[in-house]
Every structure is written in C-alpha cells, then in structure tokens.
file my_file.pdb (PDB, C-alpha atoms)
ATOM      1  CA  SER A   1       0.000   0.000   0.000  1.00  0.00           C
ATOM      2  CA  LEU A   2       1.233   3.491  -0.910  1.00  0.00           C
ATOM      3  CA  ILE A   3       0.835   6.355   1.541  1.00  0.00           C
ATOM      4  CA  VAL A   4       1.745  10.033   1.226  1.00  0.00           C
ATOM      5  CA  ILE A   5       3.093  11.960   4.214  1.00  0.00           C
ATOM      6  CA  MET A   6       4.294  15.566   3.940  1.00  0.00           C
ATOM      7  CA  ALA A   7       4.701  15.055   0.169  1.00  0.00           C
ATOM      8  CA  VAL A   8       6.923  12.010   0.808  1.00  0.00           C
ATOM      9  CA  LYS A   9       5.633   8.739  -0.609  1.00  0.00           C
ATOM     10  CA  THR A  10       6.030   5.777   1.690  1.00  0.00           C
ATOM     11  CA  VAL A  11       5.772   2.018   1.420  1.00  0.00           C
ATOM     12  CA  GLU A  12       5.193  -0.508   4.186  1.00  0.00           C
ATOM     13  CA  ARG A  13       7.903  -3.034   5.030  1.00  0.00           C
ATOM     14  CA  ASN A  14       8.325  -5.637   7.735  1.00  0.00           C
ATOM     15  CA  TYR A  15      11.427  -5.531   9.920  1.00  0.00           C
ATOM     16  CA  SER A  16      12.728  -8.317  12.152  1.00  0.00           C
ATOM     17  CA  LEU A  17      15.126  -7.115  14.841  1.00  0.00           C
ATOM     18  CA  SER A  18      16.265  -9.754  17.320  1.00  0.00           C
ATOM     19  CA  LYS A  19      13.005 -11.288  18.593  1.00  0.00           C
ATOM     20  CA  HIS A  20      10.629  -8.572  17.379  1.00  0.00           C
ATOM     21  CA  THR A  21       8.967  -8.251  13.975  1.00  0.00           C
ATOM     22  CA  PHE A  22       6.975  -5.133  13.125  1.00  0.00           C
ATOM     23  CA  GLN A  23       5.798  -3.107  10.134  1.00  0.00           C
ATOM     24  CA  LEU A  24       7.051   0.385   9.309  1.00  0.00           C
ATOM     25  CA  GLU A  25       6.374   2.995   6.694  1.00  0.00           C
ATOM     26  CA  VAL A  26       9.618   3.885   4.900  1.00  0.00           C
ATOM     27  CA  SER A  27      10.482   6.119   1.967  1.00  0.00           C
ATOM     28  CA  PRO A  28      13.370   4.653  -0.047  1.00  0.00           C
ATOM     29  CA  ASN A  29      15.492   7.235  -1.904  1.00  0.00           C
ATOM     30  CA  LYS A  30      13.764  10.089  -0.044  1.00  0.00           C
ATOM     31  CA  LEU A  31      14.423   9.286   3.633  1.00  0.00           C
ATOM     32  CA  PHE A  32      16.936   7.041   5.389  1.00  0.00           C
ATOM     33  CA  THR A  33      15.921   3.390   5.018  1.00  0.00           C
ATOM     34  CA  PRO A  34      16.762   0.929   7.828  1.00  0.00           C
ATOM     35  CA  ASN A  35      19.594  -1.308   6.649  1.00  0.00           C
ATOM     36  CA  MET A  36      21.911  -4.135   7.692  1.00  0.00           C
ATOM     37  CA  THR A  37      23.615  -1.910  10.285  1.00  0.00           C
ATOM     38  CA  THR A  38      20.212  -1.353  11.902  1.00  0.00           C
ATOM     39  CA  LYS A  39      19.864  -5.120  12.380  1.00  0.00           C
ATOM     40  CA  LEU A  40      23.375  -5.358  13.783  1.00  0.00           C
ATOM     41  CA  PHE A  41      22.537  -2.692  16.375  1.00  0.00           C
ATOM     42  CA  SER A  42      19.663  -4.833  17.649  1.00  0.00           C
ATOM     43  CA  LYS A  43      22.163  -7.664  18.153  1.00  0.00           C
ATOM     44  CA  ALA A  44      24.760  -5.472  19.863  1.00  0.00           C
ATOM     45  CA  VAL A  45      22.563  -3.424  22.186  1.00  0.00           C
ATOM     46  CA  ARG A  46      21.655  -4.844  25.596  1.00  0.00           C
ATOM     47  CA  ILE A  47      18.518  -3.450  27.231  1.00  0.00           C
ATOM     48  CA  ASN A  48      17.750  -4.514  30.791  1.00  0.00           C
ATOM     49  CA  PRO A  49      14.369  -4.339  32.540  1.00  0.00           C
ATOM     50  CA  GLY A  50      13.668  -0.770  33.626  1.00  0.00           C
ATOM     51  CA  ASP A  51      16.297   0.864  31.414  1.00  0.00           C
ATOM     52  CA  ILE A  52      15.771   4.386  30.074  1.00  0.00           C
ATOM     53  CA  VAL A  53      16.928   4.433  26.449  1.00  0.00           C
ATOM     54  CA  PHE A  54      17.943   7.370  24.236  1.00  0.00           C
ATOM     55  CA  ASP A  55      17.949   6.871  20.454  1.00  0.00           C
ATOM     56  CA  ILE A  56      19.998   9.643  18.865  1.00  0.00           C
ATOM     57  CA  GLY A  57      19.336   9.953  15.119  1.00  0.00           C
ATOM     58  CA  TYR A  58      16.392   7.553  15.003  1.00  0.00           C
ATOM     59  CA  GLY A  59      15.497   8.075  11.330  1.00  0.00           C
ATOM     60  CA  VAL A  60      12.023   6.661  10.739  1.00  0.00           C
ATOM     61  CA  GLY A  61      11.996   5.224  14.257  1.00  0.00           C
ATOM     62  CA  VAL A  62      13.097   1.636  13.818  1.00  0.00           C
ATOM     63  CA  LEU A  63      15.537   1.246  16.738  1.00  0.00           C
ATOM     64  CA  ALA A  64      13.474   3.455  19.051  1.00  0.00           C
ATOM     65  CA  ILE A  65      10.475   1.210  18.381  1.00  0.00           C
ATOM     66  CA  TRP A  66      12.601  -1.906  18.871  1.00  0.00           C
ATOM     67  CA  ALA A  67      13.892  -0.493  22.185  1.00  0.00           C
ATOM     68  CA  ALA A  68      10.307   0.194  23.283  1.00  0.00           C
ATOM     69  CA  LEU A  69       9.399  -3.436  22.549  1.00  0.00           C
ATOM     70  CA  GLU A  70      12.314  -4.531  24.756  1.00  0.00           C
ATOM     71  CA  PRO A  71      11.920  -4.380  28.593  1.00  0.00           C
ATOM     72  CA  SER A  72      12.872  -0.677  28.739  1.00  0.00           C
ATOM     73  CA  ILE A  73      10.830   1.695  30.887  1.00  0.00           C
ATOM     74  CA  SER A  74      10.898   4.591  28.404  1.00  0.00           C
ATOM     75  CA  VAL A  75      12.577   5.714  25.179  1.00  0.00           C
ATOM     76  CA  ILE A  76      13.596   9.245  24.193  1.00  0.00           C
ATOM     77  CA  GLY A  77      14.533   9.882  20.560  1.00  0.00           C
ATOM     78  CA  VAL A  78      16.098  12.851  18.762  1.00  0.00           C
ATOM     79  CA  GLU A  79      16.032  13.267  14.980  1.00  0.00           C
ATOM     80  CA  LYS A  80      17.261  16.172  12.854  1.00  0.00           C
ATOM     81  CA  VAL A  81      15.206  15.630   9.679  1.00  0.00           C
ATOM     82  CA  GLU A  82      11.623  16.853  10.100  1.00  0.00           C
ATOM     83  CA  GLU A  83      10.064  14.368   7.659  1.00  0.00           C
ATOM     84  CA  GLN A  84      11.696  11.494   9.546  1.00  0.00           C
ATOM     85  CA  TYR A  85      10.500  12.906  12.875  1.00  0.00           C
ATOM     86  CA  GLU A  86       6.922  12.993  11.568  1.00  0.00           C
ATOM     87  CA  LEU A  87       7.116   9.517  10.060  1.00  0.00           C
ATOM     88  CA  ALA A  88       8.694   8.010  13.188  1.00  0.00           C
ATOM     89  CA  LYS A  89       5.788   9.278  15.297  1.00  0.00           C
ATOM     90  CA  ARG A  90       3.396   7.607  12.885  1.00  0.00           C
ATOM     91  CA  ASN A  91       5.387   4.366  12.936  1.00  0.00           C
ATOM     92  CA  ALA A  92       5.350   4.336  16.745  1.00  0.00           C
ATOM     93  CA  GLN A  93       1.561   4.714  16.719  1.00  0.00           C
ATOM     94  CA  LYS A  94       1.279   1.928  14.149  1.00  0.00           C
ATOM     95  CA  THR A  95       3.377  -0.343  16.392  1.00  0.00           C
ATOM     96  CA  LYS A  96       1.392   0.713  19.487  1.00  0.00           C
ATOM     97  CA  VAL A  97       4.466   1.864  21.438  1.00  0.00           C
ATOM     98  CA  ASP A  98       3.881   5.624  21.139  1.00  0.00           C
ATOM     99  CA  ASN A  99       2.923   5.780  24.844  1.00  0.00           C
ATOM    100  CA  LYS A 100       6.473   4.641  25.722  1.00  0.00           C
ATOM    101  CA  ILE A 101       8.450   6.890  23.337  1.00  0.00           C
ATOM    102  CA  LYS A 102       8.998  10.663  23.424  1.00  0.00           C
ATOM    103  CA  PHE A 103      10.296  11.883  20.043  1.00  0.00           C
ATOM    104  CA  TYR A 104      12.124  15.197  19.701  1.00  0.00           C
ATOM    105  CA  HIS A 105      13.054  17.116  16.557  1.00  0.00           C
ATOM    106  CA  GLY A 106      16.579  18.521  16.844  1.00  0.00           C
ATOM    107  CA  SER A 107      20.301  17.794  16.756  1.00  0.00           C
ATOM    108  CA  LEU A 108      22.030  15.146  18.870  1.00  0.00           C
ATOM    109  CA  PHE A 109      21.306  15.775  22.580  1.00  0.00           C
ATOM    110  CA  ASP A 110      20.131  19.403  22.219  1.00  0.00           C
ATOM    111  CA  PRO A 111      16.369  18.898  22.850  1.00  0.00           C
ATOM    112  CA  ILE A 112      16.777  16.501  25.798  1.00  0.00           C
ATOM    113  CA  PRO A 113      15.821  18.179  29.093  1.00  0.00           C
ATOM    114  CA  LYS A 114      18.842  18.960  31.262  1.00  0.00           C
ATOM    115  CA  GLY A 115      19.473  16.357  33.923  1.00  0.00           C
ATOM    116  CA  THR A 116      17.728  13.557  32.009  1.00  0.00           C
ATOM    117  CA  LYS A 117      20.021  10.547  31.840  1.00  0.00           C
ATOM    118  CA  ALA A 118      19.913   7.208  30.038  1.00  0.00           C
ATOM    119  CA  ASN A 119      21.000   3.702  30.963  1.00  0.00           C
ATOM    120  CA  VAL A 120      21.410   2.998  27.245  1.00  0.00           C
ATOM    121  CA  ILE A 121      22.208   5.419  24.426  1.00  0.00           C
ATOM    122  CA  ILE A 122      21.799   4.110  20.884  1.00  0.00           C
ATOM    123  CA  ALA A 123      23.564   6.502  18.511  1.00  0.00           C
ATOM    124  CA  ASP A 124      23.252   5.084  14.997  1.00  0.00           C
ATOM    125  CA  VAL A 125      24.339   8.420  13.577  1.00  0.00           C
ATOM    126  CA  SER A 126      25.880   9.163  10.187  1.00  0.00           C
ATOM    127  CA  GLY A 127      29.406   7.788   9.968  1.00  0.00           C
ATOM    128  CA  ILE A 128      30.266   7.728   6.257  1.00  0.00           C
ATOM    129  CA  ALA A 129      32.243  10.381   4.359  1.00  0.00           C
ATOM    130  CA  ASP A 130      29.971  12.778   2.487  1.00  0.00           C
ATOM    131  CA  ASN A 131      31.200  12.085  -1.065  1.00  0.00           C
ATOM    132  CA  LEU A 132      30.747   8.344  -0.603  1.00  0.00           C
ATOM    133  CA  ALA A 133      27.460   8.524   1.285  1.00  0.00           C
ATOM    134  CA  ARG A 134      25.833  10.441  -1.576  1.00  0.00           C
ATOM    135  CA  VAL A 135      26.764   7.992  -4.340  1.00  0.00           C
ATOM    136  CA  MET A 136      26.416   4.633  -2.598  1.00  0.00           C
ATOM    137  CA  SER A 137      23.319   2.476  -3.020  1.00  0.00           C
ATOM    138  CA  THR A 138      22.233  -1.108  -2.409  1.00  0.00           C
ATOM    139  CA  ASN A 139      19.866  -2.789  -4.843  1.00  0.00           C
ATOM    140  CA  GLY A 140      19.138   0.623  -6.341  1.00  0.00           C
ATOM    141  CA  GLU A 141      18.249   2.303  -3.029  1.00  0.00           C
ATOM    142  CA  LYS A 142      20.405   5.255  -1.992  1.00  0.00           C
ATOM    143  CA  TRP A 143      22.143   5.024   1.361  1.00  0.00           C
ATOM    144  CA  TYR A 144      21.866   8.769   1.981  1.00  0.00           C
ATOM    145  CA  PRO A 145      19.170  10.592  -0.003  1.00  0.00           C
ATOM    146  CA  GLN A 146      19.916  14.254  -0.668  1.00  0.00           C
ATOM    147  CA  ASN A 147      18.212  15.771   2.410  1.00  0.00           C
ATOM    148  CA  ILE A 148      19.641  13.250   4.904  1.00  0.00           C
ATOM    149  CA  PRO A 149      22.780  14.398   6.785  1.00  0.00           C
ATOM    150  CA  THR A 150      25.962  12.402   6.179  1.00  0.00           C
ATOM    151  CA  GLY A 151      28.928  11.982   8.506  1.00  0.00           C
ATOM    152  CA  GLY A 152      30.489  15.178   7.129  1.00  0.00           C
ATOM    153  CA  PHE A 153      33.566  15.610   4.963  1.00  0.00           C
ATOM    154  CA  ASP A 154      35.496  12.611   6.325  1.00  0.00           C
ATOM    155  CA  GLY A 155      32.648  10.712   8.009  1.00  0.00           C
ATOM    156  CA  THR A 156      33.751  11.444  11.588  1.00  0.00           C
ATOM    157  CA  GLU A 157      32.161  14.817  12.341  1.00  0.00           C
ATOM    158  CA  VAL A 158      28.776  13.693  13.653  1.00  0.00           C
ATOM    159  CA  ILE A 159      30.032  10.678  15.609  1.00  0.00           C
ATOM    160  CA  ASN A 160      32.865  12.612  17.245  1.00  0.00           C
ATOM    161  CA  SER A 161      30.505  15.449  18.168  1.00  0.00           C
ATOM    162  CA  MET A 162      28.141  12.878  19.699  1.00  0.00           C
ATOM    163  CA  LEU A 163      31.017  11.240  21.635  1.00  0.00           C
ATOM    164  CA  GLU A 164      32.071  14.626  23.036  1.00  0.00           C
ATOM    165  CA  GLN A 165      28.606  15.097  24.582  1.00  0.00           C
ATOM    166  CA  ALA A 166      27.331  11.592  25.370  1.00  0.00           C
ATOM    167  CA  GLY A 167      29.072  11.034  28.703  1.00  0.00           C
ATOM    168  CA  GLU A 168      27.080  13.700  30.535  1.00  0.00           C
ATOM    169  CA  TYR A 169      23.813  12.008  29.492  1.00  0.00           C
ATOM    170  CA  LEU A 170      24.714   8.525  30.712  1.00  0.00           C
ATOM    171  CA  ALA A 171      23.472   7.330  34.094  1.00  0.00           C
ATOM    172  CA  PRO A 172      26.058   5.551  36.297  1.00  0.00           C
ATOM    173  CA  GLY A 173      26.798   2.161  34.735  1.00  0.00           C
ATOM    174  CA  GLY A 174      25.182   3.294  31.462  1.00  0.00           C
ATOM    175  CA  ARG A 175      26.158   2.064  28.005  1.00  0.00           C
ATOM    176  CA  LEU A 176      26.584   3.934  24.725  1.00  0.00           C
ATOM    177  CA  TYR A 177      26.456   2.144  21.361  1.00  0.00           C
ATOM    178  CA  PHE A 178      27.825   3.758  18.197  1.00  0.00           C
ATOM    179  CA  PRO A 179      28.899   2.674  14.696  1.00  0.00           C
ATOM    180  CA  VAL A 180      32.305   2.982  13.037  1.00  0.00           C
ATOM    181  CA  ALA A 181      32.784   2.407   9.307  1.00  0.00           C
ATOM    182  CA  SER A 182      35.900   2.077   7.178  1.00  0.00           C
ATOM    183  CA  LEU A 183      34.187   4.394   4.653  1.00  0.00           C
ATOM    184  CA  SER A 184      35.409   7.262   6.835  1.00  0.00           C
ATOM    185  CA  SER A 185      38.611   8.490   8.492  1.00  0.00           C
ATOM    186  CA  TYR A 186      37.605   6.031  11.193  1.00  0.00           C
ATOM    187  CA  LYS A 187      40.884   6.053  13.122  1.00  0.00           C
ATOM    188  CA  LYS A 188      40.049   9.616  14.214  1.00  0.00           C
ATOM    189  CA  ILE A 189      37.044   8.098  16.042  1.00  0.00           C
ATOM    190  CA  ILE A 190      38.755   4.986  17.352  1.00  0.00           C
ATOM    191  CA  ASP A 191      42.054   3.333  16.517  1.00  0.00           C
ATOM    192  CA  PRO A 192      42.276   0.194  18.683  1.00  0.00           C
ATOM    193  CA  ASP A 193      45.869  -0.474  17.619  1.00  0.00           C
ATOM    194  CA  LYS A 194      47.124   2.876  18.899  1.00  0.00           C
ATOM    195  CA  LYS A 195      44.492   3.289  21.652  1.00  0.00           C
ATOM    196  CA  SER A 196      43.768   6.693  20.131  1.00  0.00           C
ATOM    197  CA  GLY A 197      40.823   8.668  18.762  1.00  0.00           C
ATOM    198  CA  VAL A 198      37.991  10.687  20.315  1.00  0.00           C
ATOM    199  CA  ALA A 199      36.314   7.577  21.771  1.00  0.00           C
ATOM    200  CA  PHE A 200      39.419   6.741  23.831  1.00  0.00           C
ATOM    201  CA  SER A 201      39.604  10.325  25.105  1.00  0.00           C
ATOM    202  CA  LYS A 202      36.000  10.217  26.342  1.00  0.00           C
ATOM    203  CA  PHE A 203      35.426   6.658  27.640  1.00  0.00           C
ATOM    204  CA  SER A 204      37.646   4.303  29.611  1.00  0.00           C
ATOM    205  CA  ASN A 205      35.774   1.139  28.542  1.00  0.00           C
ATOM    206  CA  LEU A 206      35.396   0.408  24.827  1.00  0.00           C
ATOM    207  CA  GLU A 207      34.466  -2.915  23.298  1.00  0.00           C
ATOM    208  CA  ALA A 208      33.641  -3.847  19.699  1.00  0.00           C
ATOM    209  CA  LYS A 209      30.389  -5.822  20.084  1.00  0.00           C
ATOM    210  CA  ILE A 210      30.019  -6.394  16.323  1.00  0.00           C
ATOM    211  CA  ASN A 211      32.674  -6.757  13.609  1.00  0.00           C
ATOM    212  CA  ALA A 212      31.003  -6.856  10.200  1.00  0.00           C
ATOM    213  CA  THR A 213      32.207  -7.148   6.619  1.00  0.00           C
ATOM    214  CA  PHE A 214      30.098  -5.597   3.879  1.00  0.00           C
ATOM    215  CA  PRO A 215      30.689  -6.716   0.274  1.00  0.00           C
ATOM    216  CA  LEU A 216      30.794  -4.033  -2.372  1.00  0.00           C
ATOM    217  CA  GLU A 217      28.488  -4.441  -5.351  1.00  0.00           C
ATOM    218  CA  HIS A 218      29.927  -4.595  -8.863  1.00  0.00           C
ATOM    219  CA  GLY A 219      31.549  -1.294  -9.804  1.00  0.00           C
ATOM    220  CA  GLN A 220      31.331   0.235  -6.327  1.00  0.00           C
ATOM    221  CA  ARG A 221      35.059   0.097  -5.617  1.00  0.00           C
ATOM    222  CA  GLU A 222      35.730   2.052  -8.816  1.00  0.00           C
ATOM    223  CA  LEU A 223      33.028   4.552  -7.844  1.00  0.00           C
ATOM    224  CA  ILE A 224      34.478   5.008  -4.370  1.00  0.00           C
ATOM    225  CA  GLU A 225      37.979   5.524  -5.757  1.00  0.00           C
ATOM    226  CA  LYS A 226      36.618   8.026  -8.294  1.00  0.00           C
ATOM    227  CA  VAL A 227      34.650  10.279  -5.923  1.00  0.00           C
ATOM    228  CA  GLY A 228      36.278   9.529  -2.547  1.00  0.00           C
ATOM    229  CA  VAL A 229      38.906  11.793  -1.013  1.00  0.00           C
ATOM    230  CA  PRO A 230      42.079   9.831  -0.156  1.00  0.00           C
ATOM    231  CA  GLY A 231      42.282   9.251   3.599  1.00  0.00           C
ATOM    232  CA  THR A 232      38.494   9.336   4.074  1.00  0.00           C
ATOM    233  CA  TYR A 233      37.943   5.654   3.343  1.00  0.00           C
ATOM    234  CA  GLU A 234      39.623   2.254   3.420  1.00  0.00           C
ATOM    235  CA  ILE A 235      38.574  -0.686   1.233  1.00  0.00           C
ATOM    236  CA  PHE A 236      39.763  -4.221   1.885  1.00  0.00           C
ATOM    237  CA  THR A 237      39.990  -7.354  -0.224  1.00  0.00           C
ATOM    238  CA  ARG A 238      39.054 -10.760   1.171  1.00  0.00           C
ATOM    239  CA  ARG A 239      39.096 -13.856  -1.021  1.00  0.00           C
ATOM    240  CA  SER A 240      39.170 -11.598  -4.095  1.00  0.00           C
ATOM    241  CA  ARG A 241      36.030  -9.742  -2.928  1.00  0.00           C
ATOM    242  CA  ASN A 242      36.063  -6.007  -2.283  1.00  0.00           C
ATOM    243  CA  ILE A 243      34.640  -5.167   1.127  1.00  0.00           C
ATOM    244  CA  TRP A 244      34.372  -2.384   3.665  1.00  0.00           C
ATOM    245  CA  LEU A 245      34.365  -2.967   7.397  1.00  0.00           C
ATOM    246  CA  GLY A 246      31.948  -1.860  10.082  1.00  0.00           C
ATOM    247  CA  TRP A 247      31.981  -2.092  13.869  1.00  0.00           C
ATOM    248  CA  ILE A 248      29.456  -1.384  16.576  1.00  0.00           C
ATOM    249  CA  TYR A 249      31.123  -0.310  19.790  1.00  0.00           C
ATOM    250  CA  GLU A 250      29.856  -0.290  23.341  1.00  0.00           C
ATOM    251  CA  ALA A 251      31.313   2.521  25.442  1.00  0.00           C
ATOM    252  CA  SER A 252      30.985   2.908  29.195  1.00  0.00           C
ATOM    253  CA  ASN A 253      32.683   4.699  32.104  1.00  0.00           C
ATOM    254  CA  PRO A 254      32.880   8.243  30.711  1.00  0.00           C
ATOM    255  CA  ILE A 255      36.066  10.180  31.474  1.00  0.00           C
ATOM    256  CA  SER A 256      34.975  13.410  33.117  1.00  0.00           C
TER     257      SER A 256
END

call {"tool": "encode", "arguments": {"input": "my_file.pdb", "output": "structure tokens"}}
result
Amino acid sequence: SLIVIMAVKTVERNYSLSKHTFQLEVSPNKLFTPNMTTKLFSKAVRINPGDIVFDIGYGVGVLAIWAALEPSISVIGVEKVEEQYELAKRNAQKTKVDNKIKFYHGSLFDPIPKGTKANVIIADVSGIADNLARVMSTNGEKWYPQNIPTGGFDGTEVINSMLEQAGEYLAPGGRLYFPVASLSSYKKIIDPDKKSGVAFSKFSNLEAKINATFPLEHGQRELIEKVGVPGTYEIFTRRSRNIWLGWIYEASNPIS
C-alpha cells in the first residue's frame, strides 16, 4: 500500500530485529531506510528491565520502536530531519508503542531536558564520508538521499561530536552504542591499535560488540575511488572480494 506523508511517498515493510517483527512505513530514496547496520545494532545493544533508552538519530523510528518493545521503561529519541521525525511518530503509533516513546526534533542531545540521563544510548548516527554517502546504493536504493545528513567531509564529524557530549547524558553504569565504518577516516574516532581517537579520550571502557564485513556491489570500488577523497575511506579485499568494514562499539565509564 502506498501512503503520502508531507509530500513524501512511503511504502510498508516488515522488519525483524532480534526477537521482534513489526511493520514500518519507509520512503526509499527520499528518507533514510533501515539497513543491515540497523539489524546489527539490535544484536549489539543490551537493554535490561527498567532501562531508560535514548535513540539519537532515530530516522524513521526503527531502533526506538525496537527499544520500546524490549523491557525498557521509556525511550527518548532525537532526529534532525523533520520528515523522519513525523514519520517516526506515525510508525510508533502503528506499532502501538507511542505511549512509551517521546520523540524530539533537533540535533544530537540538544532537545533533551537537562538532567535527564539514560541507561542505554543508541547513537546510529551518520558515519560515512559525504562524497561516498551520496553515491552509494544497495539494490538501487540510496544510502543517503539528498536531504539526509551524512557523517560530514570525512565521516567522523557527527560521531565525534556525539562522543564529546554523550558522557554527561549517561546514568552511572550506562552504556553507549555507536557505529564505526571504514568508509570514513575512522581512526580519528577509534584506533584500537594505537588506543587513540575521540572515543578513547572520552570513555575508559570500549568494546567492539560487532565486527562486520560488507561486500561491495559490482563497480562500487571504482566509484568510491573516483569520488572519494584519499584518507576518508579504506577498502579491503578478502578472497578476491572487495569489502568495507563496520563495527558497533559499546562505550561505558565516561572520562569526566
């Protein structure tokens, strides 16, 4: 079924994240579409009974809704793109979890009331260099449609800005989950070999919960090398296949 919201056409798709399956309205090539990384987050993130969860950059609401279906007590989400904010609210109503989620429209932690803290922060924010994010697609669907923010010039700007702020929003013993992709200058975020990067300067406990390899489709390596800025990506070859790497990290014990 085809629906129109704020001049954005949507389609309905089913999503299975860990033990929950639910239907969402999405708008491929217009808004951010939940992808393989979204699924990996649901495997990496641990939500305990009674946890307060923040979802920073929730897109059309998929991980916020998943977190509300888990044994959390409440979910707070922040999203920068107005059309995604509107659609996420609708998706939460559709999934009957809107009474458990408070959605805000804004940037990173800005709209969250001062003093509000989370046991779990899910920050699936943009982490791919701008030039690459704009040209990459999977099965004909763009990763980052034109009005969706990317990770900035080298893919690290949004994540590092989030890492700078996240510690003050974590409750004692709280956990932050964030993505790192080799389609960025990722060692500026976290370089495990050198124990360097913004993540190491802000958190004393860091653990890669997910290590994922993503195969490149035919012609994508050439495209990346054509439009990408040297130093803002790293491509690997495994068994003659071109791949990029992704990690989902859990951070805890903020360094004050």

call {"tool": "residues_around", "arguments": {"input": "my_file.pdb", "residues": "A:Lys114", "least_positions_apart": "4", "cutoff": "10 Å", "atoms": "only C-alpha atoms", "output": "list in words"}}
result
Phe109, Asp110, Glu168 and Tyr169 of chain A

call {"tool": "residues_near_point", "arguments": {"input": "my_file.pdb", "point": "(34.9, 0.3, 7.2)", "cutoff": "6 Å", "atoms": "only C-alpha atoms", "output": "ChimeraX atom specification"}}
result
/A:181-183,244-246

call {"tool": "closest_residue", "arguments": {"input": "my_file.pdb", "among": "A:Ser161, A:Asn119, A:Asn29, A:Ser74", "to": "A:Ile148", "atoms": "all atoms listed in the file"}}
result
A:Asn29

call {"tool": "closest_residue", "arguments": {"input": "my_file.pdb", "among": "A:Pro179, A:Pro113, A:Pro34, A:Gly155", "to": "A:Gly77", "atoms": "only C-alpha atoms"}}
result
A:Pro113

call {"tool": "residues_around", "arguments": {"input": "my_file.pdb", "residues": "stretch 46-49 of chain A", "least_positions_apart": "5", "cutoff": "8 Å", "atoms": "only C-alpha atoms", "output": "list in words"}}
result
Ala67, Glu70, Pro71, Ser72, Ile73 and Val120 of chain A

call {"tool": "atom_distance", "arguments": {"input": "my_file.pdb", "atom1": "atom CA of A:Ile122", "atom2": "atom CA of A:Val135"}}
result
26.0 Å

call {"tool": "closest_residue", "arguments": {"input": "my_file.pdb", "among": "A:Ser196, A:Thr33, A:Ser137, A:Thr213", "to": "A:Arg241", "atoms": "only C-alpha atoms"}}
result
A:Thr213

call {"tool": "residues_around", "arguments": {"input": "my_file.pdb", "residues": "A:Tyr58", "least_positions_apart": "2", "cutoff": "10 Å", "atoms": "only C-alpha atoms", "output": "MDAnalysis selection string"}}
result
chainID A and resid 32 34 54:56 60:65 76:81 84:85 88 103:104 122:125

call {"tool": "resolve_selection", "arguments": {"input": "my_file.pdb", "expression": "the PyMOL selection byres ((chain A and resi 128) around 7)", "output": "number ranges by chain"}}
result
A: 126-127, 129-130, 132-133, 150-151, 155, 181, 183-184

call {"tool": "write_last_selection", "arguments": {"input": "my_file.pdb", "atoms": "C-alpha atoms", "output": "tab-separated table (two decimals), keeping the file's coordinate frame"}}
result
chain	number	residue	atom	x	y	z
A	126	SER	CA	25.88	9.16	10.19
A	127	GLY	CA	29.41	7.79	9.97
A	129	ALA	CA	32.24	10.38	4.36
A	130	ASP	CA	29.97	12.78	2.49
A	132	LEU	CA	30.75	8.34	-0.60
A	133	ALA	CA	27.46	8.52	1.28
A	150	THR	CA	25.96	12.40	6.18
A	151	GLY	CA	28.93	11.98	8.51
A	155	GLY	CA	32.65	10.71	8.01
A	181	ALA	CA	32.78	2.41	9.31
A	183	LEU	CA	34.19	4.39	4.65
A	184	SER	CA	35.41	7.26	6.84

call {"tool": "closest_residue", "arguments": {"input": "my_file.pdb", "among": "A:Thr138, A:Ser240, A:Asn131, A:Ser252", "to": "A:Ala166", "atoms": "all atoms listed in the file"}}
result
A:Ser252

call {"tool": "atom_distance", "arguments": {"input": "my_file.pdb", "atom1": "atom CA of A:Gly140", "atom2": "atom CA of A:His105"}}
result
28.9 Å

call {"tool": "closest_residue", "arguments": {"input": "my_file.pdb", "among": "A:Thr232, A:Ser107, A:Ser27, A:Asn35", "to": "A:Val158", "atoms": "all atoms listed in the file"}}
result
A:Ser107

call {"tool": "build_atoms", "arguments": {"input": "my_file.pdb", "residues": "stretch 171-181 of chain A", "atoms": "N, CA, C and O atoms", "output": "PDB file, keeping the file's coordinate frame"}}
result
ATOM      1  N   ALA A 171      23.615   7.619  32.665  1.00  0.00           N
ATOM      2  CA  ALA A 171      23.472   7.330  34.094  1.00  0.00           C
ATOM      3  C   ALA A 171      24.667   6.463  34.532  1.00  0.00           C
ATOM      4  O   ALA A 171      25.312   5.822  33.697  1.00  0.00           O
ATOM      5  N   PRO A 172      24.969   6.425  35.826  1.00  0.00           N
ATOM      6  CA  PRO A 172      26.058   5.551  36.297  1.00  0.00           C
ATOM      7  C   PRO A 172      25.843   4.111  35.816  1.00  0.00           C
ATOM      8  O   PRO A 172      24.741   3.571  35.911  1.00  0.00           O
ATOM      9  N   GLY A 173      26.897   3.515  35.268  1.00  0.00           N
ATOM     10  CA  GLY A 173      26.798   2.161  34.735  1.00  0.00           C
ATOM     11  C   GLY A 173      26.156   2.088  33.351  1.00  0.00           C
ATOM     12  O   GLY A 173      25.938   0.994  32.834  1.00  0.00           O
ATOM     13  N   GLY A 174      25.860   3.263  32.767  1.00  0.00           N
ATOM     14  CA  GLY A 174      25.182   3.294  31.462  1.00  0.00           C
ATOM     15  C   GLY A 174      26.086   2.894  30.310  1.00  0.00           C
ATOM     16  O   GLY A 174      27.317   2.879  30.424  1.00  0.00           O
ATOM     17  N   ARG A 175      25.444   2.571  29.176  1.00  0.00           N
ATOM     18  CA  ARG A 175      26.158   2.064  28.005  1.00  0.00           C
ATOM     19  C   ARG A 175      25.777   2.866  26.770  1.00  0.00           C
ATOM     20  O   ARG A 175      24.591   3.133  26.540  1.00  0.00           O
ATOM     21  N   LEU A 176      26.773   3.228  25.990  1.00  0.00           N
ATOM     22  CA  LEU A 176      26.584   3.934  24.725  1.00  0.00           C
ATOM     23  C   LEU A 176      26.981   3.016  23.588  1.00  0.00           C
ATOM     24  O   LEU A 176      28.024   2.355  23.648  1.00  0.00           O
ATOM     25  N   TYR A 177      26.152   2.961  22.541  1.00  0.00           N
ATOM     26  CA  TYR A 177      26.456   2.144  21.361  1.00  0.00           C
ATOM     27  C   TYR A 177      26.552   3.055  20.142  1.00  0.00           C
ATOM     28  O   TYR A 177      25.666   3.875  19.906  1.00  0.00           O
ATOM     29  N   PHE A 178      27.636   2.901  19.376  1.00  0.00           N
ATOM     30  CA  PHE A 178      27.825   3.758  18.197  1.00  0.00           C
ATOM     31  C   PHE A 178      28.521   2.974  17.086  1.00  0.00           C
ATOM     32  O   PHE A 178      29.244   2.012  17.350  1.00  0.00           O
ATOM     33  N   PRO A 179      28.310   3.390  15.824  1.00  0.00           N
ATOM     34  CA  PRO A 179      28.899   2.674  14.696  1.00  0.00           C
ATOM     35  C   PRO A 179      30.219   3.312  14.251  1.00  0.00           C
ATOM     36  O   PRO A 179      30.431   4.515  14.425  1.00  0.00           O
ATOM     37  N   VAL A 180      31.078   2.502  13.679  1.00  0.00           N
ATOM     38  CA  VAL A 180      32.305   2.982  13.037  1.00  0.00           C
ATOM     39  C   VAL A 180      32.402   2.263  11.699  1.00  0.00           C
ATOM     40  O   VAL A 180      32.161   1.053  11.634  1.00  0.00           O
ATOM     41  N   ALA A 181      32.715   3.001  10.651  1.00  0.00           N
ATOM     42  CA  ALA A 181      32.784   2.407   9.307  1.00  0.00           C
ATOM     43  C   ALA A 181      34.105   2.743   8.653  1.00  0.00           C
ATOM     44  O   ALA A 181      34.631   3.846   8.820  1.00  0.00           O
TER      45      ALA A 181
END
